[in-house]
$ cat work.txt   # compact mmCIF, C-alpha atoms and all ligand atoms
# COMPACT_ATOMS: atom_id res chain seq x y z
CA MET V 68 17.30 26.61 29.03
CA ARG V 69 16.75 22.86 28.65
CA LYS V 70 19.96 20.80 29.03
CA LYS V 71 20.71 19.10 25.72
CA LEU V 72 20.35 15.31 25.44
CA LYS V 73 23.55 13.57 24.36
CA VAL V 74 22.95 11.50 21.25
CA GLY V 75 24.97 9.20 19.03
CA VAL V 76 24.77 8.10 15.41
CA ILE V 77 25.70 4.56 14.41
CA GLY V 78 26.36 4.32 10.69
CA ALA V 79 27.44 7.96 10.95
CA THR V 80 29.65 7.88 7.86
CA GLY V 81 26.95 6.82 5.35
CA MET V 82 24.38 8.80 3.37
CA VAL V 83 21.77 8.81 6.14
CA GLY V 84 24.42 9.21 8.87
CA GLN V 85 25.76 12.35 7.17
CA ASN V 86 22.23 13.75 7.00
CA TYR V 87 21.89 13.15 10.75
CA LEU V 88 25.00 15.16 11.46
CA ARG V 89 23.86 17.97 9.17
CA LEU V 90 20.38 18.10 10.77
CA LEU V 91 21.62 17.72 14.35
CA ASP V 92 24.11 20.58 13.98
CA ARG V 93 22.97 23.22 16.51
CA HIS V 94 19.81 21.24 17.28
CA PRO V 95 18.05 22.92 20.23
CA TRP V 96 17.48 19.68 22.18
CA PHE V 97 20.24 17.27 21.04
CA GLU V 98 24.03 17.31 21.09
CA VAL V 99 26.06 14.74 19.10
CA THR V 100 28.64 13.10 21.36
CA TYR V 101 29.13 9.59 19.92
CA LEU V 102 29.73 8.45 16.35
CA ALA V 103 30.17 4.86 15.21
CA ALA V 104 30.46 2.92 11.96
CA SER V 105 32.24 -0.17 10.61
CA LEU V 106 35.77 -1.29 11.37
CA ASN V 107 36.83 0.57 8.20
CA SER V 108 36.10 3.88 9.92
CA ALA V 109 36.67 2.98 13.59
CA GLY V 110 39.63 4.75 15.21
CA LYS V 111 39.66 7.60 12.68
CA LYS V 112 38.57 11.18 13.33
CA TYR V 113 35.18 11.67 11.66
CA LYS V 114 36.58 14.16 9.13
CA ASP V 115 39.16 11.55 8.03
CA ALA V 116 36.65 8.68 7.99
CA VAL V 117 34.44 10.56 5.48
CA ALA V 118 37.29 12.16 3.49
CA GLY V 119 36.36 12.01 -0.20
CA ARG V 120 32.82 10.79 0.50
CA TRP V 121 31.15 13.63 2.41
CA VAL V 122 28.20 14.29 0.10
CA MET V 123 26.26 16.99 1.97
CA ARG V 124 26.15 20.50 0.47
CA SER V 125 27.14 22.04 3.81
CA ASP V 126 30.48 21.34 5.52
CA ILE V 127 30.98 18.69 8.18
CA PRO V 128 29.63 20.24 11.43
CA GLN V 129 32.49 21.75 13.40
CA ASP V 130 31.58 19.86 16.61
CA CYS V 131 31.79 16.46 14.88
CA ARG V 132 34.93 16.82 12.78
CA ASP V 133 37.33 15.58 15.44
CA ILE V 134 35.15 12.99 17.18
CA VAL V 135 36.89 9.63 16.90
CA VAL V 136 34.58 7.11 15.21
CA GLU V 137 33.93 4.00 17.29
CA ASP V 138 33.28 0.44 16.15
CA ALA V 139 29.45 0.30 16.25
CA GLY V 140 29.63 -3.32 17.41
CA LYS V 141 31.36 -2.36 20.67
CA VAL V 142 28.23 -1.11 22.41
CA GLU V 143 30.03 -0.69 25.73
CA ASN V 144 32.04 2.20 24.19
CA ALA V 145 28.84 4.25 23.98
CA ILE V 146 28.07 3.97 27.68
CA GLY V 147 28.39 7.33 29.39
CA LYS V 148 28.75 9.13 26.06
CA CYS V 149 25.08 9.38 25.09
CA SER V 150 21.53 8.29 26.02
CA LEU V 151 19.95 7.91 22.60
CA VAL V 152 21.37 6.51 19.36
CA PHE V 153 20.13 7.01 15.83
CA SER V 154 20.85 3.86 13.84
CA ALA V 155 21.75 4.21 10.15
CA VAL V 156 23.97 1.16 9.72
CA ASP V 157 23.71 -0.90 6.59
CA MET V 158 24.56 -4.51 7.42
CA ASP V 159 23.02 -7.95 7.30
CA LYS V 160 19.45 -7.75 8.73
CA LEU V 161 19.98 -10.30 11.49
CA ALA V 162 23.16 -8.52 12.58
CA ILE V 163 21.28 -5.20 12.71
CA MET V 164 18.43 -6.74 14.73
CA ALA V 165 20.91 -8.06 17.26
CA LEU V 166 22.96 -4.85 17.37
CA GLU V 167 19.97 -2.52 17.87
CA ALA V 168 18.49 -4.80 20.55
CA GLU V 169 21.87 -4.84 22.30
CA TYR V 170 22.00 -1.01 22.41
CA ALA V 171 18.47 -1.03 23.89
CA ARG V 172 19.40 -3.78 26.37
CA GLN V 173 22.34 -1.67 27.52
CA GLY V 174 19.97 1.22 28.30
CA PHE V 175 19.97 3.31 25.11
CA ALA V 176 16.90 4.64 23.35
CA VAL V 177 17.35 3.46 19.76
CA VAL V 178 15.68 5.20 16.81
CA SER V 179 16.43 3.23 13.64
CA ASN V 180 16.21 3.79 9.91
CA ASN V 181 16.78 0.18 9.10
CA SER V 182 14.07 -2.27 8.05
CA ALA V 183 15.33 -5.09 10.30
CA HIS V 184 12.84 -4.47 13.15
CA ARG V 185 9.95 -3.05 11.14
CA SER V 186 7.93 -6.26 11.39
CA THR V 187 8.81 -6.92 15.04
CA GLU V 188 5.42 -6.88 16.79
CA ASP V 189 6.33 -4.70 19.78
CA VAL V 190 8.42 -2.18 17.79
CA PRO V 191 6.50 0.86 16.52
CA VAL V 192 7.15 2.04 12.95
CA MET V 193 6.87 5.79 13.41
CA VAL V 194 5.57 8.62 11.27
CA PRO V 195 5.00 11.03 14.19
CA GLU V 196 2.11 12.93 12.55
CA ILE V 197 0.24 9.64 12.06
CA ASN V 198 0.88 7.18 14.86
CA TYR V 199 2.26 9.28 17.74
CA ASP V 200 0.08 7.14 20.04
CA HIS V 201 2.02 3.95 19.14
CA LEU V 202 4.72 5.12 21.57
CA LYS V 203 2.45 3.98 24.39
CA ILE V 204 3.67 0.44 23.65
CA ILE V 205 7.11 1.33 25.07
CA PRO V 206 6.47 0.37 28.72
CA GLN V 207 5.17 -3.01 27.49
CA GLN V 208 8.13 -3.39 25.14
CA GLN V 209 10.53 -2.74 28.03
CA LYS V 210 8.68 -5.16 30.31
CA GLN V 211 8.48 -7.92 27.68
CA ARG V 212 12.20 -7.66 26.92
CA GLY V 213 13.49 -6.95 30.39
CA TRP V 214 14.93 -3.61 29.30
CA ASN V 215 15.35 -1.10 32.06
CA LYS V 216 15.32 2.27 30.27
CA GLY V 217 16.35 1.15 26.77
CA LEU V 218 13.75 1.19 24.00
CA LEU V 219 13.55 0.63 20.26
CA VAL V 220 11.48 2.46 17.67
CA VAL V 221 11.98 2.51 13.90
CA LYS V 222 11.19 4.62 10.86
CA PRO V 223 9.32 3.16 7.90
CA ASN V 224 10.79 2.73 4.45
CA CYS V 225 11.73 5.99 2.75
CA SER V 226 9.22 5.34 -0.07
CA ILE V 227 5.96 5.58 1.90
CA GLN V 228 5.75 9.05 3.47
CA SER V 229 4.48 10.79 0.32
CA TYR V 230 1.34 8.66 0.15
CA VAL V 231 0.69 7.45 3.70
CA LEU V 232 0.39 10.97 5.17
CA PRO V 233 -2.29 12.04 2.61
CA ILE V 234 -4.12 8.74 3.12
CA HIS V 235 -3.98 9.09 6.90
CA ALA V 236 -5.46 12.61 6.69
CA LEU V 237 -8.45 11.20 4.77
CA ILE V 238 -8.90 8.35 7.27
CA LYS V 239 -8.71 10.83 10.15
CA ALA V 240 -11.45 12.87 8.45
CA GLY V 241 -13.74 9.81 8.58
CA TYR V 242 -13.16 8.10 5.21
CA SER V 243 -11.97 4.54 4.59
CA ILE V 244 -9.55 3.51 1.87
CA ASP V 245 -10.26 0.17 0.24
CA LYS V 246 -7.31 -0.07 -2.14
CA MET V 247 -4.60 1.89 -3.86
CA ILE V 248 -2.04 1.49 -6.63
CA VAL V 249 1.23 3.37 -6.11
CA THR V 250 4.04 3.91 -8.62
CA THR V 251 7.10 5.34 -6.92
CA LEU V 252 9.90 7.28 -8.66
CA GLN V 253 12.73 7.04 -6.17
CA ALA V 254 15.85 9.18 -6.01
CA VAL V 255 19.36 7.73 -6.21
CA SER V 256 20.28 8.97 -2.70
CA GLY V 257 17.86 6.32 -1.41
CA ALA V 258 20.42 3.68 -2.39
CA GLY V 259 23.13 5.12 -0.11
CA TYR V 260 26.64 6.07 -1.21
CA PRO V 261 28.00 5.26 -3.79
CA GLY V 262 24.66 3.58 -4.54
CA VAL V 263 23.57 2.56 -8.03
CA ALA V 264 26.33 2.70 -10.67
CA SER V 265 26.15 5.97 -12.62
CA ILE V 266 26.16 4.06 -15.91
CA ASP V 267 22.88 2.43 -14.84
CA MET V 268 21.30 5.74 -13.81
CA ILE V 269 22.25 8.35 -16.44
CA ASP V 270 19.60 8.47 -19.19
CA ASN V 271 17.80 5.57 -17.57
CA ILE V 272 15.15 4.24 -15.16
CA VAL V 273 15.58 1.00 -13.24
CA PRO V 274 12.16 -0.62 -12.62
CA TYR V 275 13.33 -2.69 -9.66
CA ILE V 276 14.53 -1.94 -6.13
CA ASP V 277 15.23 -5.02 -4.09
CA GLY V 278 12.55 -5.58 -1.41
CA GLU V 279 11.03 -2.12 -1.89
CA GLU V 280 7.63 -3.09 -3.28
CA GLU V 281 6.95 -5.45 -0.37
CA LYS V 282 7.93 -2.74 2.14
CA SER V 283 5.83 -0.12 0.34
CA GLU V 284 2.78 -2.40 0.49
CA ILE V 285 3.13 -3.83 4.01
CA GLU V 286 4.61 -1.03 6.17
CA PRO V 287 1.72 1.46 5.71
CA ARG V 288 -0.59 -1.10 7.34
CA LYS V 289 1.53 -1.17 10.49
CA VAL V 290 1.86 2.63 10.61
CA LEU V 291 -1.94 2.90 10.29
CA GLY V 292 -2.53 0.08 12.80
CA LYS V 293 -3.26 0.15 16.53
CA VAL V 294 -1.64 -0.98 19.78
CA GLU V 295 -3.31 -3.97 21.44
CA ASP V 296 -2.00 -6.43 24.06
CA GLY V 297 1.65 -5.35 23.74
CA LYS V 298 1.67 -5.58 19.93
CA ILE V 299 1.04 -3.29 16.98
CA ILE V 300 -1.89 -4.76 15.05
CA PRO V 301 -1.63 -3.71 11.36
CA ASP V 302 -4.66 -2.29 9.55
CA GLU V 303 -5.19 -5.10 7.04
CA SER V 304 -8.22 -3.43 5.46
CA ILE V 305 -6.12 -1.36 3.01
CA LYS V 306 -4.82 -3.22 -0.04
CA ILE V 307 -1.81 -1.61 -1.74
CA SER V 308 -0.11 -2.58 -5.01
CA ALA V 309 3.27 -0.86 -5.49
CA HIS V 310 5.62 -0.45 -8.47
CA CYS V 311 8.97 0.94 -7.32
CA ASN V 312 11.39 2.55 -9.78
CA ARG V 313 14.84 4.11 -9.33
CA VAL V 314 15.05 7.35 -11.36
CA PRO V 315 17.92 9.78 -12.09
CA VAL V 316 16.95 12.34 -9.41
CA THR V 317 19.37 13.11 -6.56
CA ASP V 318 16.87 13.61 -3.69
CA GLY V 319 13.08 13.37 -3.44
CA HIS V 320 10.82 10.34 -3.84
CA THR V 321 7.65 10.85 -5.90
CA ALA V 322 4.57 8.60 -5.68
CA CYS V 323 1.83 8.51 -8.35
CA CYS V 324 -1.25 7.06 -6.64
CA SER V 325 -4.76 5.86 -7.53
CA ILE V 326 -7.10 5.31 -4.58
CA GLN V 327 -10.48 3.72 -4.09
CA PHE V 328 -12.59 4.48 -1.03
CA ALA V 329 -14.66 1.94 0.86
CA GLY V 330 -18.14 3.39 1.48
CA LYS V 331 -18.72 7.14 1.19
CA LYS V 332 -16.43 9.19 -1.05
CA PRO V 333 -15.40 12.80 -0.51
CA GLU V 334 -15.59 15.40 -3.29
CA ILE V 335 -12.34 16.70 -4.78
CA ASN V 336 -12.64 20.09 -3.01
CA GLU V 337 -13.19 18.37 0.30
CA ILE V 338 -10.05 16.25 -0.11
CA VAL V 339 -7.98 19.35 -0.90
CA ASP V 340 -9.40 21.07 2.20
CA ILE V 341 -8.60 18.05 4.36
CA TRP V 342 -5.01 18.01 3.12
CA ARG V 343 -4.56 21.77 3.44
CA ASN V 344 -5.94 21.86 6.99
CA PHE V 345 -4.18 18.74 8.24
CA THR V 346 -2.16 19.16 11.39
CA ALA V 347 -1.07 16.75 14.11
CA VAL V 348 0.49 16.28 17.54
CA PRO V 349 4.12 17.13 16.54
CA GLN V 350 2.91 20.51 15.25
CA GLU V 351 0.75 21.08 18.37
CA LEU V 352 3.74 20.23 20.58
CA LYS V 353 5.90 22.60 18.49
CA LEU V 354 8.61 19.94 18.15
CA PRO V 355 11.72 21.59 16.64
CA SER V 356 11.66 19.46 13.46
CA ALA V 357 7.88 19.45 12.96
CA PRO V 358 7.12 21.25 9.69
CA ILE V 359 4.25 23.72 9.66
CA PRO V 360 2.26 22.78 7.72
CA PRO V 361 3.12 19.06 7.56
CA MET V 362 1.50 18.79 4.14
CA VAL V 363 1.13 21.25 1.25
CA TYR V 364 -1.33 20.90 -1.64
CA ARG V 365 -0.24 22.66 -4.85
CA ASP V 366 -2.75 23.70 -7.52
CA GLU V 367 -0.29 23.92 -10.44
CA VAL V 368 -0.88 21.10 -12.94
CA ASN V 369 2.82 20.25 -13.11
CA ARG V 370 3.66 19.97 -9.37
CA PRO V 371 4.98 18.45 -7.18
CA GLN V 372 8.47 18.15 -8.63
CA PRO V 373 11.54 16.92 -6.70
CA GLN V 374 13.76 19.84 -7.70
CA LYS V 375 11.20 22.48 -6.68
CA ASP V 376 9.31 20.91 -3.78
CA ARG V 377 11.60 18.55 -1.86
CA ASP V 378 13.08 21.23 0.42
CA ILE V 379 9.79 22.79 1.60
CA GLY V 380 9.53 22.95 5.42
CA ASN V 381 13.25 22.20 5.83
CA ALA V 382 12.64 19.13 3.64
CA MET V 383 10.11 17.74 6.16
CA THR V 384 6.86 18.81 4.44
CA VAL V 385 5.05 16.35 2.16
CA THR V 386 3.83 18.00 -1.06
CA VAL V 387 0.72 16.72 -2.81
CA GLY V 388 -0.79 17.75 -6.13
CA ARG V 389 -2.57 16.66 -9.31
CA LEU V 390 -5.69 15.40 -7.51
CA ARG V 391 -8.17 14.34 -10.18
CA LYS V 392 -10.74 11.67 -10.98
CA CYS V 393 -9.43 8.24 -11.92
CA ASN V 394 -11.06 6.19 -14.68
CA VAL V 395 -10.46 2.93 -12.82
CA PHE V 396 -10.41 3.84 -9.08
CA ASP V 397 -11.99 6.95 -7.49
CA TYR V 398 -9.16 9.50 -7.55
CA ARG V 399 -5.48 9.87 -8.40
CA PHE V 400 -2.82 12.22 -7.08
CA VAL V 401 0.94 12.73 -6.87
CA GLY V 402 2.85 12.94 -3.56
CA LEU V 403 6.47 13.89 -2.94
CA HIS V 404 8.83 14.01 0.04
CA HIS V 405 12.56 14.33 0.64
CA ASN V 406 13.74 10.74 1.11
CA THR V 407 16.89 11.24 3.19
CA VAL V 408 15.30 13.95 5.40
CA ARG V 409 11.55 13.32 5.93
CA GLY V 410 12.04 9.71 4.80
CA ALA V 411 15.12 9.00 6.92
CA ALA V 412 17.20 11.20 9.27
CA GLY V 413 14.72 14.09 9.67
CA GLY V 414 11.80 11.75 10.35
CA ALA V 415 13.87 9.88 12.93
CA ILE V 416 14.92 13.12 14.65
CA LEU V 417 11.25 14.16 14.80
CA THR V 418 10.49 10.78 16.39
CA ALA V 419 13.24 11.32 18.97
CA GLU V 420 11.81 14.77 19.75
CA LEU V 421 8.39 13.15 20.29
CA LEU V 422 9.99 10.53 22.58
CA MET V 423 11.47 13.37 24.63
CA ALA V 424 8.35 15.53 24.63
CA GLN V 425 6.28 12.58 25.86
CA GLY V 426 8.77 11.67 28.58
CA TYR V 427 10.00 8.32 27.20
CA VAL V 428 13.56 9.66 27.05
CA LYS V 429 14.81 11.88 29.81
N1 LIG N 501 19.41 6.46 1.87
C1 LIG N 501 18.12 6.57 2.23
O1 LIG N 501 17.36 7.41 1.69
C2 LIG N 501 17.56 5.71 3.30
C3 LIG N 501 16.26 6.00 3.71
C4 LIG N 501 15.70 5.25 4.74
C5 LIG N 501 16.41 4.23 5.31
N2 LIG N 501 17.67 3.93 4.87
C6 LIG N 501 18.36 2.85 5.58
O2 LIG N 501 19.36 3.46 6.42
C7 LIG N 501 20.51 2.62 6.51
C8 LIG N 501 21.74 3.37 6.05
O3 LIG N 501 21.55 3.73 4.69
P1 LIG N 501 22.59 4.63 3.91
O4 LIG N 501 21.91 4.97 2.65
O5 LIG N 501 23.12 5.70 4.78
O6 LIG N 501 23.77 3.55 3.65
P2 LIG N 501 25.33 3.82 3.35
O7 LIG N 501 25.53 5.16 2.76
O8 LIG N 501 25.79 2.63 2.59
O9 LIG N 501 26.01 3.81 4.83
C9 LIG N 501 26.09 2.64 5.57
C10 LIG N 501 26.64 2.91 6.95
O10 LIG N 501 26.67 1.66 7.69
C11 LIG N 501 27.99 1.46 8.20
N3 LIG N 501 28.30 0.03 8.24
C12 LIG N 501 28.38 -0.83 7.21
N4 LIG N 501 28.72 -2.07 7.65
C13 LIG N 501 28.84 -1.96 9.00
C14 LIG N 501 29.20 -2.86 10.04
N5 LIG N 501 29.46 -4.14 9.77
N6 LIG N 501 29.24 -2.42 11.31
C15 LIG N 501 28.95 -1.12 11.60
N7 LIG N 501 28.63 -0.21 10.65
C16 LIG N 501 28.57 -0.62 9.37
C17 LIG N 501 28.90 2.20 7.22
O11 LIG N 501 30.14 2.45 7.88
P3 LIG N 501 31.54 2.59 7.03
O12 LIG N 501 31.47 3.90 6.32
O13 LIG N 501 32.55 2.54 8.10
O14 LIG N 501 31.58 1.42 6.10
C18 LIG N 501 28.07 3.45 6.97
O15 LIG N 501 28.22 4.33 8.06
C19 LIG N 501 20.19 1.39 5.65
O16 LIG N 501 19.69 0.40 6.50
C20 LIG N 501 19.13 1.88 4.69
O17 LIG N 501 18.31 0.85 4.27
C21 LIG N 501 18.26 4.66 3.90

$ encode --input "work.txt" --output "structure tokens" --more "lines below"
Ligand SMILES: NC(=O)c1ccc[n+]([C@@H]2O[C@H](COP(=O)([O-])OP(=O)(O)OC[C@H]3O[C@@H](n4cnc5c(N)ncnc54)[C@H](OP(=O)(O)O)[C@@H]3O)[C@@H](O)[C@H]2O)c1
Amino acid sequence: MRKKLKVGVIGATGMVGQNYLRLLDRHPWFEVTYLAASLNSAGKKYKDAVAGRWVMRSDIPQDCRDIVVEDAGKVENAIGKCSLVFSAVDMDKLAIMALEAEYARQGFAVVSNNSAHRSTEDVPVMVPEINYDHLKIIPQQQKQRGWNKGLLVVKPNCSIQSYVLPIHALIKAGYSIDKMIVTTLQAVSGAGYPGVASIDMIDNIVPYIDGEEEKSEIEPRKVLGKVEDGKIIPDESIKISAHCNRVPVTDGHTACCSIQFAGKKPEINEIVDIWRNFTAVPQELKLPSAPIPPMVYRDEVNRPQPQKDRDIGNAMTVTVGRLRKCNVFDYRFVGLHHNTVRGAAGGAILTAELLMAQGYVK
């Protein structure tokens, strides 16, 4: 049996951090040995640090309850306790950039959920089914930064998975997307805990999420880009216009999309076949968190729905539906994924599995 890799979670007490602990419980390759958060939690046993704010439906994993939470800023405390850290801290962006780079400098593989490093040229923004080959930048990243075995990779914004995976499948099948308009309906869990005030969310929709539209428009281009000369070069050919809304749903981000192709256009049946038959490297490698299939197309006219579809494939599968002609662009469809799993902790764990499977983390 493979010896488990010791991993840590920084920002372990928050919404995404709690999802990490839930998903890493009895993980076949990883063992949680280091937990860190702010000074408010440091020095407390994990179970006491999250008392009254553990929001998962399952209990705190037995193996983590008594781990004493460290101050995430004291990187030296992690040395010897783990080799890889998942970062889910919510702090000032510059502070996060510095903190994550410091973990990497001190020899840790860092897989981050934060946006701070998403536009850093030598840091891949990973959706493992799409840009698994972006990991080849790591030796150049380490050389450029003088890191010995440390490395830094990030996850994209939690809004984009439900439309970038379907788009990627079409590109992989030989089609080009010229432009798309995306309206996202984003769950409250995406705002962390306690998140948006309940009085703003009950019986309401908030048509603004700070910084989200920019991320939803720019990050897909980097995910769909290519590695060249030690940088990720974004695919600037796709133009995206995003409207991001916070809606009173607990988990599951929905995206209503209109797309226009550049050049030849597939027929509706062909698109459905492409989506239904899509598979990728994480599935071929049988990574423990890789959903099979990665994408589901539903024929029912009223799907996908967060309540019914977010948990498919252990909440890692993207569900697509309602593909039809568009009166303005070529086609429209609806995509859905679980934002704190596929869009955050689960997607990052899948990335860490890919790092291990490809030998970047030993
Ligand atoms: N929620 C989502 O769906 C989602 C999806 C993708 C990405 N993200 C990103 O993931 C990160 C975490 O989000 P979240 O929703 O889990 O936020 P959250 O629930 O507010 O949790 C924030 C975490 O950061 C820690 N923290 C805050 N200030 C800190 C400091 N100065 N030093 C060290 N740790 C500090 C907190 O520790 P204490 O408990 O000790 O204060 C807590 O563990 C954010 O960057 C967010 O943008 C979230």

$ closest_atom_pairs --input "work.txt" --of "chain V" --to "ligand LIG 501 (chain N)" --cutoff "6 Å" --atoms "all atoms listed in the file" --output "JSON lines"
{"residue": "V:Gly78", "atom": "CA", "partner": "N:LIG501", "partner_atom": "O15", "distance": 3.2}
{"residue": "V:Ala79", "atom": "CA", "partner": "N:LIG501", "partner_atom": "O15", "distance": 4.7}
{"residue": "V:Thr80", "atom": "CA", "partner": "N:LIG501", "partner_atom": "O15", "distance": 3.8}
{"residue": "V:Gly81", "atom": "CA", "partner": "N:LIG501", "partner_atom": "O9", "distance": 3.2}
{"residue": "V:Met82", "atom": "CA", "partner": "N:LIG501", "partner_atom": "O5", "distance": 3.6}
{"residue": "V:Val83", "atom": "CA", "partner": "N:LIG501", "partner_atom": "O5", "distance": 3.7}
{"residue": "V:Gly84", "atom": "CA", "partner": "N:LIG501", "partner_atom": "O5", "distance": 5.5}
{"residue": "V:Ala104", "atom": "CA", "partner": "N:LIG501", "partner_atom": "N7", "distance": 3.9}
{"residue": "V:Ser105", "atom": "CA", "partner": "N:LIG501", "partner_atom": "C15", "distance": 3.6}
{"residue": "V:Leu106", "atom": "CA", "partner": "N:LIG501", "partner_atom": "O13", "distance": 6.0}
{"residue": "V:Asn107", "atom": "CA", "partner": "N:LIG501", "partner_atom": "O13", "distance": 4.7}
{"residue": "V:Ser108", "atom": "CA", "partner": "N:LIG501", "partner_atom": "O13", "distance": 4.2}
{"residue": "V:Ala139", "atom": "CA", "partner": "N:LIG501", "partner_atom": "C15", "distance": 4.9}
{"residue": "V:Ala155", "atom": "CA", "partner": "N:LIG501", "partner_atom": "C7", "distance": 4.2}
{"residue": "V:Val156", "atom": "CA", "partner": "N:LIG501", "partner_atom": "O10", "distance": 3.4}
{"residue": "V:Asp157", "atom": "CA", "partner": "N:LIG501", "partner_atom": "O10", "distance": 4.1}
{"residue": "V:Met158", "atom": "CA", "partner": "N:LIG501", "partner_atom": "N4", "distance": 4.8}
{"residue": "V:Asn180", "atom": "CA", "partner": "N:LIG501", "partner_atom": "C5", "distance": 4.6}
{"residue": "V:Asn181", "atom": "CA", "partner": "N:LIG501", "partner_atom": "O16", "distance": 3.9}
{"residue": "V:Asn224", "atom": "CA", "partner": "N:LIG501", "partner_atom": "C4", "distance": 5.5}
{"residue": "V:Cys225", "atom": "CA", "partner": "N:LIG501", "partner_atom": "C4", "distance": 4.5}
{"residue": "V:Ser256", "atom": "CA", "partner": "N:LIG501", "partner_atom": "N1", "distance": 5.3}
{"residue": "V:Gly257", "atom": "CA", "partner": "N:LIG501", "partner_atom": "O1", "distance": 3.3}
{"residue": "V:Ala258", "atom": "CA", "partner": "N:LIG501", "partner_atom": "N1", "distance": 5.2}
{"residue": "V:Gly259", "atom": "CA", "partner": "N:LIG501", "partner_atom": "O4", "distance": 3.0}
{"residue": "V:Tyr260", "atom": "CA", "partner": "N:LIG501", "partner_atom": "O7", "distance": 4.2}
{"residue": "V:Asn406", "atom": "CA", "partner": "N:LIG501", "partner_atom": "O1", "distance": 5.0}
{"residue": "V:Thr407", "atom": "CA", "partner": "N:LIG501", "partner_atom": "O1", "distance": 4.1}
{"residue": "V:Gly410", "atom": "CA", "partner": "N:LIG501", "partner_atom": "C3", "distance": 5.7}
{"residue": "V:Ala411", "atom": "CA", "partner": "N:LIG501", "partner_atom": "C4", "distance": 4.4}

$ closest_residue --input "work.txt" --among "V:Arg313, V:Arg288, V:Arg124, V:Arg389" --to "Asn198 in chain V" --atoms "only C-alpha atoms"
V:Arg288

$ residues_around --input "work.txt" --residues "Ala254 in chain V" --least-positions-apart "2" --cutoff "6 Å" --atoms "only C-alpha atoms" --output "list in words"
Ser256, Gly257, Val314, Val316, Thr317, Asp318, Gly319 and His320 of chain V

$ atom_distance --input "work.txt" --atom1 "CA of Asp397 in chain V" --atom2 "CA of Gln327 in chain V"
4.9 Å

$ atom_distance --input "work.txt" --atom1 "CA of Glu420 in chain V" --atom2 "CA of Ala183 in chain V"
22.3 Å

$ closest_residue --input "work.txt" --among "V:Cys323, V:Leu417, V:Ala145, V:Ile248" --to "Pro195 in chain V" --atoms "all atoms listed in the file"
V:Leu417

$ axis_aligned_box --input "work.txt" --around "range 229-248 of chain V" --padding-each-side "5 Å" --output "lines of an AutoDock Vina configuration file"
center_x = -4.6
center_y = 6.4
center_z = 1.8
size_x = 28.2
size_y = 22.9
size_z = 26.8

$ atom_distance --input "work.txt" --atom1 "CA of Leu403 in chain V" --atom2 "CA of Thr250 in chain V"
11.7 Å

$ closest_atom_pairs --input "work.txt" --of "range 219-241 of chain V" --to "range 360-384 of chain V" --cutoff "10 Å" --atoms "all atoms listed in the file" --output "JSON lines"
{"residue": "V:Gln228", "atom": "CA", "partner": "V:Thr384", "partner_atom": "CA", "distance": 9.9}
{"residue": "V:Ser229", "atom": "CA", "partner": "V:Thr384", "partner_atom": "CA", "distance": 9.3}
{"residue": "V:Leu232", "atom": "CA", "partner": "V:Met362", "partner_atom": "CA", "distance": 8.0}
{"residue": "V:Pro233", "atom": "CA", "partner": "V:Met362", "partner_atom": "CA", "distance": 7.9}
{"residue": "V:Ala236", "atom": "CA", "partner": "V:Met362", "partner_atom": "CA", "distance": 9.7}

$ closest_residue --input "work.txt" --among "V:Val249, V:Leu219, V:Ile299, V:Ile326" --to "Phe396 in chain V" --atoms "all atoms listed in the file"
V:Ile326

$ closest_residue --input "work.txt" --among "V:Met247, V:Lys429, V:Pro274, V:Gly414" --to "Val395 in chain V" --atoms "only C-alpha atoms"
V:Met247

$ residues_near_point --input "work.txt" --point "(8.7, -1.9, -0.5)" --cutoff "9 Å" --atoms "only C-alpha atoms" --output "JSON, numbers by chain"
{"V": [224, 226, 227, 276, 277, 278, 279, 280, 281, 282, 283, 284, 285, 286, 309, 310, 311]}

$ closest_residue --input "work.txt" --among "V:Pro191, V:Gly213, V:Gly262, V:Gly388" --to "Lys298 in chain V" --atoms "all atoms listed in the file"
V:Pro191

$ closest_residue --input "work.txt" --among "V:Arg391, V:His201, V:Lys73, V:Lys331" --to "Ile146 in chain V" --atoms "only C-alpha atoms"
V:Lys73

$ residues_near_point --input "work.txt" --point "(-11.4, 10.6, 6.7)" --cutoff "10 Å" --atoms "all atoms listed in the file" --output "ChimeraX atom specification"
/V:234-244,328,331-333,338,341

$ write_last_selection --input "work.txt" --atoms "C-alpha atoms" --output "compact mmCIF listing (two decimals), in the frame of the given file"
# COMPACT_ATOMS: atom_id res chain seq x y z
CA ILE V 234 -4.12 8.74 3.12
CA HIS V 235 -3.98 9.09 6.90
CA ALA V 236 -5.46 12.61 6.69
CA LEU V 237 -8.45 11.20 4.77
CA ILE V 238 -8.90 8.35 7.27
CA LYS V 239 -8.71 10.83 10.15
CA ALA V 240 -11.45 12.87 8.45
CA GLY V 241 -13.74 9.81 8.58
CA TYR V 242 -13.16 8.10 5.21
CA SER V 243 -11.97 4.54 4.59
CA ILE V 244 -9.55 3.51 1.87
CA PHE V 328 -12.59 4.48 -1.03
CA LYS V 331 -18.72 7.14 1.19
CA LYS V 332 -16.43 9.19 -1.05
CA PRO V 333 -15.40 12.80 -0.51
CA ILE V 338 -10.05 16.25 -0.11
CA ILE V 341 -8.60 18.05 4.36

$ residues_around --input "work.txt" --residues "Met123 in chain V" --least-positions-apart "5" --cutoff "8 Å" --atoms "all atoms listed in the file" --output "PyMOL selection string"
chain V and resi 85-86+89

$ write_last_selection --input "work.txt" --atoms "C-alpha atoms" --output "short mmCIF file (atom, residue, chain, number, x, y, z; two decimals), in the frame of the given file"
data_model
loop_
_atom_site.label_atom_id
_atom_site.label_comp_id
_atom_site.auth_asym_id
_atom_site.auth_seq_id
_atom_site.Cartn_x
_atom_site.Cartn_y
_atom_site.Cartn_z
CA GLN V 85 25.76 12.35 7.17
CA ASN V 86 22.23 13.75 7.00
CA ARG V 89 23.86 17.97 9.17
#
